[in-house]
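Source file: protein_25.pdb. Holds: PDB, N, CA and C atoms.
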ATOM      1  N   MET A   1     -47.472 -50.425   2.011  1.00  0.00           N
ATOM      2  CA  MET A   1     -46.377 -49.661   2.556  1.00  0.00           C
ATOM      3  C   MET A   1     -45.873 -50.260   3.873  1.00  0.00           C
ATOM      4  N   SER A   2     -46.766 -50.788   4.708  1.00  0.00           N
ATOM      5  CA  SER A   2     -46.336 -51.349   5.994  1.00  0.00           C
ATOM      6  C   SER A   2     -45.442 -52.563   5.804  1.00  0.00           C
ATOM      7  N   ILE A   3     -45.629 -53.290   4.718  1.00  0.00           N
ATOM      8  CA  ILE A   3     -44.753 -54.444   4.435  1.00  0.00           C
ATOM      9  C   ILE A   3     -43.328 -53.949   4.190  1.00  0.00           C
ATOM     10  N   LEU A   4     -43.171 -52.843   3.467  1.00  0.00           N
ATOM     11  CA  LEU A   4     -41.843 -52.299   3.194  1.00  0.00           C
ATOM     12  C   LEU A   4     -41.175 -51.798   4.470  1.00  0.00           C
ATOM     13  N   ILE A   5     -41.955 -51.206   5.352  1.00  0.00           N
ATOM     14  CA  ILE A   5     -41.429 -50.722   6.625  1.00  0.00           C
ATOM     15  C   ILE A   5     -40.962 -51.899   7.480  1.00  0.00           C
ATOM     16  N   GLU A   6     -41.753 -52.954   7.541  1.00  0.00           N
ATOM     17  CA  GLU A   6     -41.351 -54.151   8.281  1.00  0.00           C
ATOM     18  C   GLU A   6     -40.119 -54.788   7.649  1.00  0.00           C
ATOM     19  N   LEU A   7     -40.093 -54.851   6.333  1.00  0.00           N
ATOM     20  CA  LEU A   7     -38.950 -55.417   5.620  1.00  0.00           C
ATOM     21  C   LEU A   7     -37.677 -54.629   5.925  1.00  0.00           C
ATOM     22  N   ALA A   8     -37.773 -53.301   5.952  1.00  0.00           N
ATOM     23  CA  ALA A   8     -36.617 -52.469   6.291  1.00  0.00           C
ATOM     24  C   ALA A   8     -36.112 -52.811   7.690  1.00  0.00           C
ATOM     25  N   GLY A   9     -37.026 -52.996   8.636  1.00  0.00           N
ATOM     26  CA  GLY A   9     -36.635 -53.363   9.996  1.00  0.00           C
ATOM     27  C   GLY A   9     -35.964 -54.717  10.062  1.00  0.00           C
ATOM     28  N   TRP A  10     -36.506 -55.695   9.343  1.00  0.00           N
ATOM     29  CA  TRP A  10     -35.920 -57.038   9.364  1.00  0.00           C
ATOM     30  C   TRP A  10     -34.571 -57.073   8.668  1.00  0.00           C
ATOM     31  N   ILE A  11     -34.433 -56.327   7.579  1.00  0.00           N
ATOM     32  CA  ILE A  11     -33.127 -56.256   6.900  1.00  0.00           C
ATOM     33  C   ILE A  11     -32.112 -55.589   7.824  1.00  0.00           C
ATOM     34  N   GLY A  12     -32.544 -54.526   8.502  1.00  0.00           N
ATOM     35  CA  GLY A  12     -31.670 -53.879   9.479  1.00  0.00           C
ATOM     36  C   GLY A  12     -31.230 -54.849  10.558  1.00  0.00           C
ATOM     37  N   PHE A  13     -32.172 -55.611  11.058  1.00  0.00           N
ATOM     38  CA  PHE A  13     -31.890 -56.625  12.081  1.00  0.00           C
ATOM     39  C   PHE A  13     -30.825 -57.607  11.598  1.00  0.00           C
ATOM     40  N   VAL A  14     -31.011 -58.156  10.412  1.00  0.00           N
ATOM     41  CA  VAL A  14     -30.077 -59.152   9.870  1.00  0.00           C
ATOM     42  C   VAL A  14     -28.684 -58.548   9.692  1.00  0.00           C
ATOM     43  N   LEU A  15     -28.630 -57.317   9.167  1.00  0.00           N
ATOM     44  CA  LEU A  15     -27.324 -56.702   8.916  1.00  0.00           C
ATOM     45  C   LEU A  15     -26.576 -56.365  10.201  1.00  0.00           C
ATOM     46  N   VAL A  16     -27.255 -55.740  11.159  1.00  0.00           N
ATOM     47  CA  VAL A  16     -26.585 -55.357  12.404  1.00  0.00           C
ATOM     48  C   VAL A  16     -26.182 -56.593  13.206  1.00  0.00           C
ATOM     49  N   LEU A  17     -27.089 -57.535  13.346  1.00  0.00           N
ATOM     50  CA  LEU A  17     -26.763 -58.753  14.082  1.00  0.00           C
ATOM     51  C   LEU A  17     -25.688 -59.560  13.354  1.00  0.00           C
ATOM     52  N   GLY A  18     -25.795 -59.631  12.040  1.00  0.00           N
ATOM     53  CA  GLY A  18     -24.791 -60.340  11.241  1.00  0.00           C
ATOM     54  C   GLY A  18     -23.412 -59.705  11.373  1.00  0.00           C
ATOM     55  N   ALA A  19     -23.361 -58.381  11.334  1.00  0.00           N
ATOM     56  CA  ALA A  19     -22.083 -57.678  11.479  1.00  0.00           C
ATOM     57  C   ALA A  19     -21.463 -57.982  12.836  1.00  0.00           C
ATOM     58  N   TYR A  20     -22.274 -57.921  13.874  1.00  0.00           N
ATOM     59  CA  TYR A  20     -21.763 -58.195  15.219  1.00  0.00           C
ATOM     60  C   TYR A  20     -21.326 -59.653  15.361  1.00  0.00           C
ATOM     61  N   GLY A  21     -22.109 -60.565  14.819  1.00  0.00           N
ATOM     62  CA  GLY A  21     -21.755 -61.978  14.871  1.00  0.00           C
ATOM     63  C   GLY A  21     -20.451 -62.267  14.134  1.00  0.00           C
ATOM     64  N   LEU A  22     -20.309 -61.685  12.945  1.00  0.00           N
ATOM     65  CA  LEU A  22     -19.080 -61.889  12.167  1.00  0.00           C
ATOM     66  C   LEU A  22     -17.878 -61.256  12.851  1.00  0.00           C
ATOM     67  N   LEU A  23     -18.081 -60.107  13.477  1.00  0.00           N
ATOM     68  CA  LEU A  23     -17.008 -59.462  14.227  1.00  0.00           C
ATOM     69  C   LEU A  23     -16.595 -60.332  15.412  1.00  0.00           C
ATOM     70  N   SER A  24     -17.566 -60.814  16.159  1.00  0.00           N
ATOM     71  CA  SER A  24     -17.287 -61.639  17.337  1.00  0.00           C
ATOM     72  C   SER A  24     -16.628 -62.959  16.969  1.00  0.00           C
ATOM     73  N   ALA A  25     -16.957 -63.485  15.792  1.00  0.00           N
ATOM     74  CA  ALA A  25     -16.366 -64.740  15.337  1.00  0.00           C
ATOM     75  C   ALA A  25     -14.993 -64.536  14.694  1.00  0.00           C
ATOM     76  N   GLY A  26     -14.563 -63.291  14.593  1.00  0.00           N
ATOM     77  CA  GLY A  26     -13.272 -63.007  13.986  1.00  0.00           C
ATOM     78  C   GLY A  26     -13.277 -63.039  12.473  1.00  0.00           C
ATOM     79  N   ARG A  27     -14.454 -63.047  11.873  1.00  0.00           N
ATOM     80  CA  ARG A  27     -14.566 -63.089  10.407  1.00  0.00           C
ATOM     81  C   ARG A  27     -14.504 -61.704   9.780  1.00  0.00           C
ATOM     82  N   LEU A  28     -14.810 -60.674  10.573  1.00  0.00           N
ATOM     83  CA  LEU A  28     -14.711 -59.281  10.124  1.00  0.00           C
ATOM     84  C   LEU A  28     -13.892 -58.503  11.130  1.00  0.00           C
ATOM     85  N   ASP A  29     -13.281 -57.451  10.662  1.00  0.00           N
ATOM     86  CA  ASP A  29     -12.541 -56.540  11.524  1.00  0.00           C
ATOM     87  C   ASP A  29     -13.381 -55.275  11.706  1.00  0.00           C
ATOM     88  N   ALA A  30     -13.358 -54.709  12.902  1.00  0.00           N
ATOM     89  CA  ALA A  30     -14.153 -53.511  13.177  1.00  0.00           C
ATOM     90  C   ALA A  30     -13.747 -52.345  12.288  1.00  0.00           C
ATOM     91  N   LYS A  31     -12.538 -52.375  11.768  1.00  0.00           N
ATOM     92  CA  LYS A  31     -12.065 -51.289  10.907  1.00  0.00           C
ATOM     93  C   LYS A  31     -12.286 -51.568   9.424  1.00  0.00           C
ATOM     94  N   SER A  32     -13.034 -52.636   9.118  1.00  0.00           N
ATOM     95  CA  SER A  32     -13.281 -52.956   7.716  1.00  0.00           C
ATOM     96  C   SER A  32     -14.487 -52.172   7.190  1.00  0.00           C
ATOM     97  N   ARG A  33     -14.437 -51.847   5.929  1.00  0.00           N
ATOM     98  CA  ARG A  33     -15.541 -51.113   5.298  1.00  0.00           C
ATOM     99  C   ARG A  33     -16.833 -51.935   5.311  1.00  0.00           C
ATOM    100  N   ILE A  34     -16.728 -53.226   5.066  1.00  0.00           N
ATOM    101  CA  ILE A  34     -17.935 -54.063   5.025  1.00  0.00           C
ATOM    102  C   ILE A  34     -18.638 -54.063   6.377  1.00  0.00           C
ATOM    103  N   TYR A  35     -17.869 -54.129   7.461  1.00  0.00           N
ATOM    104  CA  TYR A  35     -18.470 -54.084   8.799  1.00  0.00           C
ATOM    105  C   TYR A  35     -19.187 -52.755   9.008  1.00  0.00           C
ATOM    106  N   GLN A  36     -18.544 -51.669   8.643  1.00  0.00           N
ATOM    107  CA  GLN A  36     -19.152 -50.341   8.821  1.00  0.00           C
ATOM    108  C   GLN A  36     -20.388 -50.179   7.936  1.00  0.00           C
ATOM    109  N   TRP A  37     -20.314 -50.626   6.687  1.00  0.00           N
ATOM    110  CA  TRP A  37     -21.471 -50.519   5.792  1.00  0.00           C
ATOM    111  C   TRP A  37     -22.640 -51.363   6.281  1.00  0.00           C
ATOM    112  N   MET A  38     -22.360 -52.553   6.805  1.00  0.00           N
ATOM    113  CA  MET A  38     -23.439 -53.389   7.346  1.00  0.00           C
ATOM    114  C   MET A  38     -24.147 -52.660   8.485  1.00  0.00           C
ATOM    115  N   ASN A  39     -23.378 -51.983   9.323  1.00  0.00           N
ATOM    116  CA  ASN A  39     -23.969 -51.235  10.429  1.00  0.00           C
ATOM    117  C   ASN A  39     -24.734 -50.004   9.947  1.00  0.00           C
ATOM    118  N   VAL A  40     -24.178 -49.274   9.001  1.00  0.00           N
ATOM    119  CA  VAL A  40     -24.849 -48.066   8.491  1.00  0.00           C
ATOM    120  C   VAL A  40     -26.170 -48.432   7.820  1.00  0.00           C
ATOM    121  N   ILE A  41     -26.145 -49.407   6.932  1.00  0.00           N
ATOM    122  CA  ILE A  41     -27.361 -49.796   6.215  1.00  0.00           C
ATOM    123  C   ILE A  41     -28.362 -50.456   7.170  1.00  0.00           C
ATOM    124  N   GLY A  42     -27.845 -51.302   8.068  1.00  0.00           N
ATOM    125  CA  GLY A  42     -28.723 -51.939   9.053  1.00  0.00           C
ATOM    126  C   GLY A  42     -29.401 -50.933   9.950  1.00  0.00           C
ATOM    127  N   ALA A  43     -28.638 -49.969  10.454  1.00  0.00           N
ATOM    128  CA  ALA A  43     -29.220 -48.922  11.297  1.00  0.00           C
ATOM    129  C   ALA A  43     -30.235 -48.103  10.507  1.00  0.00           C
ATOM    130  N   GLY A  44     -29.969 -47.886   9.225  1.00  0.00           N
ATOM    131  CA  GLY A  44     -30.930 -47.170   8.384  1.00  0.00           C
ATOM    132  C   GLY A  44     -32.261 -47.894   8.292  1.00  0.00           C
ATOM    133  N   GLY A  45     -32.200 -49.212   8.183  1.00  0.00           N
ATOM    134  CA  GLY A  45     -33.433 -50.005   8.174  1.00  0.00           C
ATOM    135  C   GLY A  45     -34.185 -49.876   9.481  1.00  0.00           C
ATOM    136  N   PHE A  46     -33.441 -49.881  10.590  1.00  0.00           N
ATOM    137  CA  PHE A  46     -34.071 -49.692  11.896  1.00  0.00           C
ATOM    138  C   PHE A  46     -34.691 -48.301  12.015  1.00  0.00           C
ATOM    139  N   VAL A  47     -34.019 -47.292  11.482  1.00  0.00           N
ATOM    140  CA  VAL A  47     -34.546 -45.922  11.558  1.00  0.00           C
ATOM    141  C   VAL A  47     -35.895 -45.841  10.845  1.00  0.00           C
ATOM    142  N   VAL A  48     -35.958 -46.399   9.650  1.00  0.00           N
ATOM    143  CA  VAL A  48     -37.222 -46.393   8.898  1.00  0.00           C
ATOM    144  C   VAL A  48     -38.325 -47.055   9.719  1.00  0.00           C
ATOM    145  N   ASN A  49     -38.031 -48.221  10.256  1.00  0.00           N
ATOM    146  CA  ASN A  49     -39.025 -48.977  11.006  1.00  0.00           C
ATOM    147  C   ASN A  49     -39.421 -48.291  12.298  1.00  0.00           C
ATOM    148  N   THR A  50     -38.450 -47.793  13.045  1.00  0.00           N
ATOM    149  CA  THR A  50     -38.771 -47.197  14.342  1.00  0.00           C
ATOM    150  C   THR A  50     -39.488 -45.860  14.211  1.00  0.00           C
ATOM    151  N   ILE A  51     -39.141 -45.075  13.209  1.00  0.00           N
ATOM    152  CA  ILE A  51     -39.873 -43.817  13.000  1.00  0.00           C
ATOM    153  C   ILE A  51     -41.315 -44.111  12.624  1.00  0.00           C
ATOM    154  N   ALA A  52     -41.508 -45.080  11.741  1.00  0.00           N
ATOM    155  CA  ALA A  52     -42.866 -45.435  11.325  1.00  0.00           C
ATOM    156  C   ALA A  52     -43.701 -45.937  12.497  1.00  0.00           C
ATOM    157  N   ASN A  53     -43.037 -46.554  13.469  1.00  0.00           N
ATOM    158  CA  ASN A  53     -43.738 -47.074  14.642  1.00  0.00           C
ATOM    159  C   ASN A  53     -43.670 -46.132  15.843  1.00  0.00           C
ATOM    160  N   HIS A  54     -43.217 -44.916  15.597  1.00  0.00           N
ATOM    161  CA  HIS A  54     -43.154 -43.863  16.623  1.00  0.00           C
ATOM    162  C   HIS A  54     -42.307 -44.254  17.824  1.00  0.00           C
ATOM    163  N   ALA A  55     -41.236 -45.014  17.578  1.00  0.00           N
ATOM    164  CA  ALA A  55     -40.313 -45.407  18.641  1.00  0.00           C
ATOM    165  C   ALA A  55     -39.109 -44.456  18.582  1.00  0.00           C
ATOM    166  N   ILE A  56     -39.325 -43.253  19.050  1.00  0.00           N
ATOM    167  CA  ILE A  56     -38.334 -42.191  18.904  1.00  0.00           C
ATOM    168  C   ILE A  56     -37.002 -42.499  19.606  1.00  0.00           C
ATOM    169  N   PRO A  57     -36.983 -43.050  20.824  1.00  0.00           N
ATOM    170  CA  PRO A  57     -35.682 -43.375  21.429  1.00  0.00           C
ATOM    171  C   PRO A  57     -34.861 -44.348  20.569  1.00  0.00           C
ATOM    172  N   SER A  58     -35.506 -45.372  20.024  1.00  0.00           N
ATOM    173  CA  SER A  58     -34.798 -46.332  19.166  1.00  0.00           C
ATOM    174  C   SER A  58     -34.352 -45.676  17.867  1.00  0.00           C
ATOM    175  N   ALA A  59     -35.186 -44.824  17.311  1.00  0.00           N
ATOM    176  CA  ALA A  59     -34.811 -44.117  16.088  1.00  0.00           C
ATOM    177  C   ALA A  59     -33.598 -43.232  16.345  1.00  0.00           C
ATOM    178  N   THR A  60     -33.589 -42.538  17.475  1.00  0.00           N
ATOM    179  CA  THR A  60     -32.472 -41.660  17.820  1.00  0.00           C
ATOM    180  C   THR A  60     -31.182 -42.462  17.976  1.00  0.00           C
ATOM    181  N   LEU A  61     -31.267 -43.578  18.691  1.00  0.00           N
ATOM    182  CA  LEU A  61     -30.103 -44.447  18.857  1.00  0.00           C
ATOM    183  C   LEU A  61     -29.549 -44.868  17.505  1.00  0.00           C
ATOM    184  N   ASN A  62     -30.418 -45.258  16.592  1.00  0.00           N
ATOM    185  CA  ASN A  62     -29.962 -45.761  15.296  1.00  0.00           C
ATOM    186  C   ASN A  62     -29.464 -44.665  14.377  1.00  0.00           C
ATOM    187  N   VAL A  63     -29.968 -43.452  14.509  1.00  0.00           N
ATOM    188  CA  VAL A  63     -29.405 -42.329  13.757  1.00  0.00           C
ATOM    189  C   VAL A  63     -27.966 -42.084  14.222  1.00  0.00           C
ATOM    190  N   ILE A  64     -27.750 -42.140  15.532  1.00  0.00           N
ATOM    191  CA  ILE A  64     -26.400 -41.970  16.072  1.00  0.00           C
ATOM    192  C   ILE A  64     -25.504 -43.128  15.627  1.00  0.00           C
ATOM    193  N   TRP A  65     -26.032 -44.354  15.665  1.00  0.00           N
ATOM    194  CA  TRP A  65     -25.288 -45.539  15.213  1.00  0.00           C
ATOM    195  C   TRP A  65     -24.842 -45.374  13.756  1.00  0.00           C
ATOM    196  N   MET A  66     -25.766 -44.874  12.921  1.00  0.00           N
ATOM    197  CA  MET A  66     -25.431 -44.608  11.520  1.00  0.00           C
ATOM    198  C   MET A  66     -24.332 -43.555  11.422  1.00  0.00           C
ATOM    199  N   GLY A  67     -24.463 -42.506  12.219  1.00  0.00           N
ATOM    200  CA  GLY A  67     -23.472 -41.435  12.197  1.00  0.00           C
ATOM    201  C   GLY A  67     -22.079 -41.926  12.550  1.00  0.00           C
ATOM    202  N   ILE A  68     -21.996 -42.794  13.532  1.00  0.00           N
ATOM    203  CA  ILE A  68     -20.700 -43.363  13.919  1.00  0.00           C
ATOM    204  C   ILE A  68     -20.105 -44.145  12.747  1.00  0.00           C
ATOM    205  N   GLY A  69     -20.939 -44.949  12.091  1.00  0.00           N
ATOM    206  CA  GLY A  69     -20.472 -45.722  10.940  1.00  0.00           C
ATOM    207  C   GLY A  69     -20.051 -44.846   9.777  1.00  0.00           C
ATOM    208  N   VAL A  70     -20.833 -43.810   9.496  1.00  0.00           N
ATOM    209  CA  VAL A  70     -20.492 -42.884   8.405  1.00  0.00           C
ATOM    210  C   VAL A  70     -19.182 -42.165   8.722  1.00  0.00           C
ATOM    211  N   PHE A  71     -19.026 -41.743   9.970  1.00  0.00           N
ATOM    212  CA  PHE A  71     -17.783 -41.091  10.379  1.00  0.00           C
ATOM    213  C   PHE A  71     -16.590 -42.031  10.201  1.00  0.00           C
ATOM    214  N   ALA A  72     -16.752 -43.292  10.611  1.00  0.00           N
ATOM    215  CA  ALA A  72     -15.669 -44.272  10.452  1.00  0.00           C
ATOM    216  C   ALA A  72     -15.331 -44.466   8.974  1.00  0.00           C
ATOM    217  N   LEU A  73     -16.353 -44.552   8.132  1.00  0.00           N
ATOM    218  CA  LEU A  73     -16.114 -44.707   6.693  1.00  0.00           C
ATOM    219  C   LEU A  73     -15.433 -43.472   6.114  1.00  0.00           C
ATOM    220  N   TRP A  74     -15.827 -42.299   6.575  1.00  0.00           N
ATOM    221  CA  TRP A  74     -15.220 -41.061   6.116  1.00  0.00           C
ATOM    222  C   TRP A  74     -13.732 -41.039   6.477  1.00  0.00           C
ATOM    223  N   ARG A  75     -13.422 -41.438   7.723  1.00  0.00           N
ATOM    224  CA  ARG A  75     -12.026 -41.481   8.157  1.00  0.00           C
ATOM    225  C   ARG A  75     -11.230 -42.495   7.339  1.00  0.00           C
ATOM    226  N   MET A  76     -11.849 -43.633   7.040  1.00  0.00           N
ATOM    227  CA  MET A  76     -11.169 -44.646   6.225  1.00  0.00           C
ATOM    228  C   MET A  76     -10.861 -44.098   4.839  1.00  0.00           C
ATOM    229  N   GLY A  77     -11.800 -43.333   4.296  1.00  0.00           N
ATOM    230  CA  GLY A  77     -11.607 -42.740   2.978  1.00  0.00           C
ATOM    231  C   GLY A  77     -10.480 -41.713   2.950  1.00  0.00           C
ATOM    232  N   ARG A  78     -10.301 -41.010   4.045  1.00  0.00           N
ATOM    233  CA  ARG A  78      -9.245 -39.996   4.134  1.00  0.00           C
ATOM    234  C   ARG A  78      -7.878 -40.640   4.246  1.00  0.00           C
ATOM    235  N   VAL A  79      -7.810 -41.777   4.923  1.00  0.00           N
ATOM    236  CA  VAL A  79      -6.533 -42.455   5.156  1.00  0.00           C
ATOM    237  C   VAL A  79      -6.049 -43.124   3.890  1.00  0.00           C
ATOM    238  N   THR A  80      -6.956 -43.693   3.120  1.00  0.00           N
ATOM    239  CA  THR A  80      -6.582 -44.474   1.946  1.00  0.00           C
ATOM    240  C   THR A  80      -6.453 -43.640   0.719  1.00  0.00           C
TER     241      THR A  80
END

Now, as a test, write the supplied structure out as structure tokens.
Amino acid sequence: MSILIELAGWIGFVLVLGAYGLLSAGRLDAKSRIYQWMNVIGAGGFVVNTIANHAIPSATLNVIWMGIGVFALWRMGRVT
């Protein structure tokens, strides 16, 4: 089970960092669904890992990060 928890954290790391890198390089737009999904799924991986490691401040940050992404996706769905 600990391997899966670590894997969730590393996948979260790759997705969040990748999203930010692609945004900074101009390859993604902050209003794109793929950017938001990368952040939502990445933050979810961090939540799994940080809760398992009892890092409550980091888990809280990532729950909020996920919420922001979900809200953005919800707004995108309403507009389109």

### Task
Using the chain letters and residue numbers of this document, give as a PyMOL selection string the residues selected by the PyMOL selection byres (((chain A and resi 34 and name CA) around 12) and name CA).
chain A and resi 15-16+18-20+22-23+27-33+35-42+69-70+72-73+76

### Task
Please measure the separation of CA of Ile11 (chain A) and atom C of Ile68 (chain A), giving the value in Å to one decimal.
18.7 Å

### Task
Give me the result of the PyMOL selection byres ((chain A and resi 5-7) around 8) on this file, residue by residue, as a VMD selection string.
chain A and resid 1 to 4 8 to 13 45 to 46 48 to 50 52

### Message
To one decimal place in Å, what is the distance between atom N of Val47 (chain A) and atom N of Thr60 (chain A)?
### Response
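Computed distance, atom N of Val47 (chain A) to atom N of Thr60 (chain A), equals 7.7 Å.
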
### Message
Among chain A, which residues does DSSP mark as helix (DSSP H, G or I) when it is run on the backbone? Keep the chain and numbering as in the structure and answer as a PyMOL selection string.
### Response
chain A and resi 2-24+33-52+56-79

### Task
Find the residue from A:Phe71, A:Val14, A:Gly21, A:Val63 that sits nearest to Gly44 (chain A); use all atoms listed in the file when measuring.
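Looking only at the distances to Gly44 (chain A), the closest residue turns out to be A:Val63.
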
Let me have the centre and edge lengths of the axis-aligned box enclosing all listed atoms of region 56-75 of chain A with 4 Å padding on every side, in Å to one decimal, as lines of an AutoDock Vina configuration file.
center_x = -25.3
center_y = -43.7
center_z = 13.8
size_x = 36.1
size_y = 13.3
size_z = 23.3

### Summary
Students should find that CA of Ser24 (chain A) and CA of Arg78 (chain A) are spaced 26.6 Å

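Neighbours of Leu61 (chain A) closer than or equal to 8 Å, with only N, CA and C atoms counted and sequence neighbours fewer than 5 positions away skipped, come out as Ala43, Val47, Ala55, Ile56, Met66 and Gly67 of chain A.
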